[in-house]
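Structure below is query.txt: compact mmCIF, C-alpha atoms.
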# COMPACT_ATOMS: atom_id res chain seq x y z
CA MET A 1 33.97 -34.04 78.23
CA LEU A 2 35.28 -33.70 74.68
CA THR A 3 35.12 -36.63 72.30
CA PHE A 4 38.36 -38.12 71.02
CA THR A 5 37.67 -36.55 67.62
CA GLU A 6 37.30 -33.10 69.19
CA GLU A 7 40.50 -33.55 71.17
CA ILE A 8 42.59 -34.63 68.19
CA LEU A 9 41.27 -31.80 66.00
CA LEU A 10 41.99 -29.29 68.75
CA LEU A 11 45.58 -30.52 68.92
CA LEU A 12 45.90 -30.23 65.14
CA LEU A 13 44.90 -26.56 65.13
CA ASP A 14 47.47 -23.77 65.25
CA ASP A 15 46.53 -21.69 68.31
CA LYS A 16 47.05 -18.32 66.64
CA ASP A 17 45.91 -18.46 63.03
CA GLY A 18 43.54 -21.42 63.33
CA SER A 19 45.04 -23.37 60.44
CA PHE A 20 45.58 -27.12 60.60
CA VAL A 21 48.91 -28.85 60.96
CA PRO A 22 49.46 -30.53 57.57
CA ILE A 23 49.20 -34.31 57.83
CA PRO A 24 48.37 -36.94 55.19
CA LYS A 25 44.65 -37.16 54.46
CA ALA A 26 44.66 -40.93 55.02
CA ASN A 27 46.22 -40.53 58.48
CA LEU A 28 43.61 -37.97 59.52
CA GLY A 29 40.74 -40.06 58.15
CA CYS A 30 41.95 -43.16 59.97
CA ALA A 31 42.52 -41.17 63.17
CA ILE A 32 38.94 -39.87 63.06
CA GLY A 33 37.60 -43.36 62.39
CA GLY A 34 39.64 -44.74 65.27
CA ALA A 35 38.55 -41.87 67.52
CA VAL A 36 34.86 -42.66 67.01
CA LEU A 37 35.45 -46.33 67.76
CA MET A 38 37.36 -45.38 70.90
CA ASP A 39 34.47 -43.22 72.11
CA LEU A 40 31.99 -46.04 71.46
CA ALA A 41 34.23 -48.46 73.35
CA PHE A 42 34.50 -46.11 76.33
CA ASP A 43 30.70 -45.70 76.24
CA TYR A 44 30.41 -49.52 76.45
CA ARG A 45 28.61 -49.74 73.08
CA ILE A 46 31.20 -51.89 71.32
CA ASP A 47 33.83 -54.44 72.27
CA THR A 48 36.92 -55.44 70.34
CA ASP A 49 39.36 -58.30 70.15
CA PRO A 50 42.05 -59.13 67.56
CA GLU A 51 39.53 -60.90 65.33
CA SER A 52 36.34 -58.85 65.51
CA LEU A 53 34.49 -55.74 66.62
CA VAL A 54 30.98 -56.30 67.99
CA VAL A 55 28.15 -54.15 69.31
CA THR A 56 27.43 -54.87 72.95
CA ASP A 57 24.74 -52.21 73.39
CA PRO A 58 22.95 -50.73 70.34
CA ALA A 59 21.22 -48.00 72.38
CA PRO A 60 22.10 -44.53 70.97
CA THR A 61 24.58 -42.49 72.96
CA GLY A 62 22.80 -39.24 72.14
CA ASN A 63 25.93 -37.88 70.45
CA PRO A 64 25.39 -37.23 66.70
CA MET A 65 29.09 -37.83 66.05
CA LEU A 66 28.88 -41.37 67.38
CA ASP A 67 25.38 -42.72 66.80
CA PRO A 68 25.49 -43.06 62.99
CA THR A 69 28.63 -45.20 63.31
CA LEU A 70 27.04 -47.28 66.06
CA ALA A 71 23.98 -47.88 63.87
CA LYS A 72 26.18 -48.78 60.89
CA ILE A 73 28.12 -51.37 62.89
CA ALA A 74 24.94 -52.77 64.43
CA ALA A 75 23.41 -53.17 60.96
CA GLN A 76 26.38 -55.17 59.70
CA GLY A 77 25.29 -58.74 59.19
CA GLN A 78 28.62 -60.36 60.00
CA ALA A 79 31.53 -59.78 62.34
CA THR A 80 34.21 -57.44 60.95
CA ASP A 81 37.60 -56.69 62.45
CA THR A 82 38.57 -53.34 63.92
CA ARG A 83 41.08 -52.47 61.22
CA THR A 84 38.47 -52.88 58.50
CA TRP A 85 36.05 -50.59 60.33
CA ILE A 86 38.74 -47.93 60.73
CA ARG A 87 39.36 -47.97 56.99
CA VAL A 88 35.63 -47.93 56.15
CA LEU A 89 34.98 -44.97 58.45
CA SER A 90 38.04 -43.10 57.19
CA VAL A 91 36.67 -43.17 53.64
CA GLU A 92 32.92 -42.97 54.13
CA ASP A 93 32.35 -40.93 57.27
CA ALA A 94 35.46 -39.05 58.40
CA PRO A 95 34.74 -35.76 56.53
CA ALA A 96 31.25 -35.45 58.03
CA ILE A 97 32.47 -36.39 61.52
CA ARG A 98 35.29 -33.85 61.24
CA GLU A 99 32.82 -31.09 60.38
CA GLN A 100 30.52 -32.08 63.27
CA ALA A 101 33.46 -32.02 65.68
CA LEU A 102 34.59 -28.59 64.51
CA GLN A 103 31.09 -27.15 64.83
CA SER A 104 30.87 -28.66 68.32
CA LEU A 105 34.12 -26.91 69.31
CA VAL A 106 32.67 -23.66 67.96
CA ALA A 107 29.41 -24.15 69.87
CA ARG A 108 31.34 -24.81 73.09
CA GLY A 109 33.21 -21.51 72.69
CA ILE A 110 36.60 -23.23 72.38
CA VAL A 111 37.36 -22.03 68.84
CA VAL A 112 35.81 -19.51 66.46
CA GLN A 113 35.13 -20.14 62.78
CA ARG A 114 36.44 -17.58 60.31
CA GLU A 115 35.92 -17.52 56.56
CA GLU A 116 38.84 -16.08 54.59
CA ARG A 117 39.78 -15.71 50.96
CA VAL A 118 43.11 -16.84 49.54
CA MET A 119 44.37 -14.88 46.54
CA TRP A 120 40.98 -13.09 46.47
CA ALA A 121 39.29 -16.14 44.99
CA PHE A 122 39.43 -19.28 47.10
CA ARG A 123 37.57 -19.47 50.37
CA THR A 124 39.15 -21.18 53.34
CA ARG A 125 38.11 -21.71 56.94
CA ARG A 126 40.25 -21.16 59.98
CA TYR A 127 39.48 -21.95 63.60
CA PRO A 128 41.52 -19.74 65.97
CA THR A 129 41.40 -20.78 69.61
CA ILE A 130 39.28 -18.73 72.01
CA ASP A 131 39.61 -20.85 75.15
CA GLY A 132 43.19 -22.12 75.24
CA ASN A 133 42.73 -23.77 78.63
CA VAL A 134 40.97 -26.76 77.07
CA GLU A 135 43.81 -27.50 74.67
CA GLN A 136 46.41 -26.99 77.38
CA GLU A 137 44.59 -29.48 79.61
CA VAL A 138 44.71 -32.07 76.83
CA LYS A 139 48.42 -31.44 76.24
CA LEU A 140 49.10 -31.65 79.96
CA ARG A 141 47.41 -35.04 80.17
CA ILE A 142 49.51 -36.36 77.29
CA GLY A 143 52.73 -34.97 78.75
CA GLU A 144 52.09 -36.42 82.20
CA VAL A 145 51.77 -39.87 80.65
CA LEU A 146 54.68 -39.63 78.20
CA PHE A 147 57.23 -38.09 80.52
CA SER A 148 56.68 -40.29 83.57
CA ASP A 149 56.44 -43.95 84.49
CA ASP A 150 53.08 -43.51 86.21
CA ILE A 151 50.26 -45.92 85.44
CA PRO A 152 48.24 -44.07 82.77
CA ASP A 153 44.51 -43.56 82.54
CA PRO A 154 43.10 -45.76 79.73
CA ARG A 155 41.56 -42.73 78.01
CA ASP A 156 44.94 -40.98 77.87
CA VAL A 157 46.52 -44.13 76.43
CA ALA A 158 43.91 -44.12 73.66
CA LEU A 159 44.48 -40.42 72.94
CA ILE A 160 48.24 -40.93 72.64
CA GLY A 161 47.57 -43.64 70.05
CA LEU A 162 45.60 -41.10 68.00
CA VAL A 163 48.22 -38.39 68.37
CA ASP A 164 51.01 -40.74 67.37
CA ALA A 165 49.02 -41.91 64.34
CA CYS A 166 48.77 -38.27 63.22
CA ASP A 167 52.53 -37.87 63.85
CA ILE A 168 52.12 -34.54 65.64
CA LEU A 169 53.92 -35.17 68.92
CA ARG A 170 56.76 -32.91 67.75
CA GLU A 171 54.23 -30.16 67.10
CA ILE A 172 52.74 -30.54 70.59
CA PHE A 173 56.10 -30.73 72.39
CA PRO A 174 58.58 -28.81 70.20
CA ASP A 175 61.11 -28.48 73.03
CA ARG A 176 61.31 -32.21 73.67
CA ASP A 177 63.28 -34.93 71.90
CA MET A 178 60.37 -37.22 71.08
CA GLU A 179 62.65 -39.98 69.83
CA GLN A 180 63.69 -40.53 73.42
CA CYS A 181 60.01 -41.14 74.22
CA ARG A 182 59.56 -43.78 71.52
CA PRO A 183 59.95 -46.76 73.90
CA ARG A 184 57.30 -45.26 76.18
CA ILE A 185 54.99 -44.56 73.24
CA ASP A 186 55.39 -48.11 71.92
CA GLN A 187 54.68 -49.46 75.40
CA LEU A 188 51.49 -47.41 75.66
CA ARG A 189 50.25 -48.38 72.21
CA LYS A 190 50.41 -52.04 73.18
CA MET A 191 47.84 -51.31 75.90
CA ASP A 192 45.11 -50.25 73.46
CA LEU A 193 43.83 -52.59 70.73
CA ILE A 194 42.09 -49.89 68.70
CA GLY A 195 45.26 -47.80 68.79
CA ARG A 196 47.30 -50.76 67.51
CA GLU A 197 44.82 -51.44 64.72
CA LEU A 198 44.77 -47.73 63.82
CA ALA A 199 48.54 -47.74 63.32
CA GLN A 200 48.32 -50.88 61.22
CA ALA A 201 45.46 -49.50 59.11
CA ILE A 202 47.59 -46.47 58.24
CA ALA A 203 50.57 -48.72 57.47
CA ASP A 204 48.37 -50.84 55.18
CA ILE A 205 47.19 -47.76 53.27
CA GLU A 206 50.74 -46.47 52.89
CA HIS A 207 51.86 -49.89 51.63
CA THR A 208 49.02 -50.00 49.11
CA VAL A 209 49.92 -46.52 47.83
CA MET A 210 53.60 -47.43 47.49
CA MET A 211 52.77 -50.63 45.61
CA SER A 212 50.46 -48.71 43.33
CA LEU A 213 53.13 -46.11 42.55
CA SER A 214 55.75 -48.76 41.91
CA GLY A 215 53.41 -50.84 39.74
CA ALA A 216 54.17 -53.93 41.81
CA PRO A 217 51.46 -56.50 42.66
CA TYR A 218 50.07 -56.19 46.24

Show me, as structure tokens, the structure contained in the file I just sent.
Amino acid sequence: MLTFTEEILLLLLDDKDGSFVPIPKANLGCAIGGAVLMDLAFDYRIDTDPESLVVTDPAPTGNPMLDPTLAKIAAQGQATDTRTWIRVLSVEDAPAIREQALQSLVARGIVVQREERVMWAFRTRRYPTIDGNVEQEVKLRIGEVLFSDDIPDPRDVALIGLVDACDILREIFPDRDMEQCRPRIDQLRKMDLIGRELAQAIADIEHTVMMSLSGAPY
């Protein structure tokens, strides 16, 4: 099973040329931080409520994308809320986790890494898809939840929270009017605390940036 980070990165990749859908850096960082917390929650290593995030089982998961975060949370001397952890991870750990997730997708044979030069000087990496069935399965799961009234699987609810935070639903379903799905999306996001806190963390960052640009006090 893919981690949430692997799934969201796979959805962000253009199938043909392997480039990433452009999204704000803060959104991606927060999404990766939220994804790691979601995986730890589904592995029964952490528990969350509106006031705090706590470690319930400090035993390593065996996944190098998750265990450093688990150890960091376990080492924290005092209770910290979920939104704070999302912001901390987005700044301190998201780039390394992103690279680990991409290399994992390469190792699984889902994408291939290609080094290219732009304007004969700047190197860039692309990750064209090799096995498109994996990405299609993820998209199918999301679509089945969004476009029906069926009771969703909790993991799919969490994934939709990540996708919505990255604002890429239009990229995934270009032939659909996603505004018509907004009530369903909002309903689903209420089911997942980490997803709600992820959206609020991004909103907080955007507010801080706007206040900084305007010169107004926070």

Show me a table, sorted first by chain and then by increasing residue number, of the residues of stretch 95-147 of chain A having an atom at most 6 Å from stretch 15-19 of chain A, each with its shortest atom pair and the distance in Å to one decimal, counting only C-alpha atoms and written as CSV.
residue,atom,partner,partner_atom,distance
A:Arg126,CA,A:Gly18,CA,4.7
A:Tyr127,CA,A:Gly18,CA,4.1
A:Pro128,CA,A:Gly18,CA,3.7
A:Thr129,CA,A:Asp15,CA,5.4

Go ahead and save the picked residues with C-alpha atoms, as an mmCIF file, keeping the file's coordinate frame.
data_model
loop_
_atom_site.group_PDB
_atom_site.id
_atom_site.type_symbol
_atom_site.label_atom_id
_atom_site.label_comp_id
_atom_site.auth_asym_id
_atom_site.auth_seq_id
_atom_site.Cartn_x
_atom_site.Cartn_y
_atom_site.Cartn_z
ATOM 1 C CA ARG A 126 40.250 -21.160 59.980
ATOM 2 C CA TYR A 127 39.480 -21.950 63.600
ATOM 3 C CA PRO A 128 41.520 -19.740 65.970
ATOM 4 C CA THR A 129 41.400 -20.780 69.610
#

Can you list, as a PyMOL selection string, every protein, DNA or RNA residue that comes within 12 Å of stretch 73-89 of chain A when you count all atoms listed in the file, leaving out same-chain residues fewer than 3 positions away? chain A and resi 26-38+40-41+45-60+65-70+92-98+192-205

Which residue, A:Glu115, A:Phe4, A:Arg184, A:Lys72, has the smallest gap to A:Glu144 when you use all atoms listed in the file?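 Checking each candidate against A:Glu144, we get A:Arg184 as the closest.
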
Practice problem: For atom CA of A:Lys139 and atom CA of A:Ile172, determine how far apart the two atoms are, in Å to one decimal place. | Solution: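 Rounded to one decimal, the two atoms are 7.2 Å apart.
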
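Atom CA of A:Thr5 is found 13.3 Å from atom CA of A:Phe42.
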
Between A:Gly161, A:Gly132, A:Pro22, A:Gly143, smallest distance to A:Ile185 by all atoms listed in the file belongs to A:Gly161

From atom CA of A:Val145 to atom CA of A:Phe20 the spacing works out at 24.6 Å

Considering all atoms listed in the file, state which residue in the set A:Asp39, A:Asp156, A:Asp149, A:Asp177 is at the smallest distance from A:Arg189.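 Closest to A:Arg189 of all the choices is A:Asp156.
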
Neighbouring residues of A:Arg108 were defined as those with any atom within 12 Å, considering all atoms listed in the file; residues of the same chain fewer than 2 positions away were excluded. Please report them as a VMD selection string.
chain A and resid 1 to 2 6 101 to 106 110 to 113 129 to 131 134

Closest of A:Leu188, A:Ala158, A:Ile151, A:Leu146 to A:Arg176, counting all atoms listed in the file, is A:Leu146

- Query: Quick one: of A:Pro154, A:Val91, A:Ser148, A:Arg182, who's nearest to A:Lys25, counting all atoms listed in the file?
  - Reply: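 Checking each candidate against A:Lys25, we get A:Val91 as the closest.
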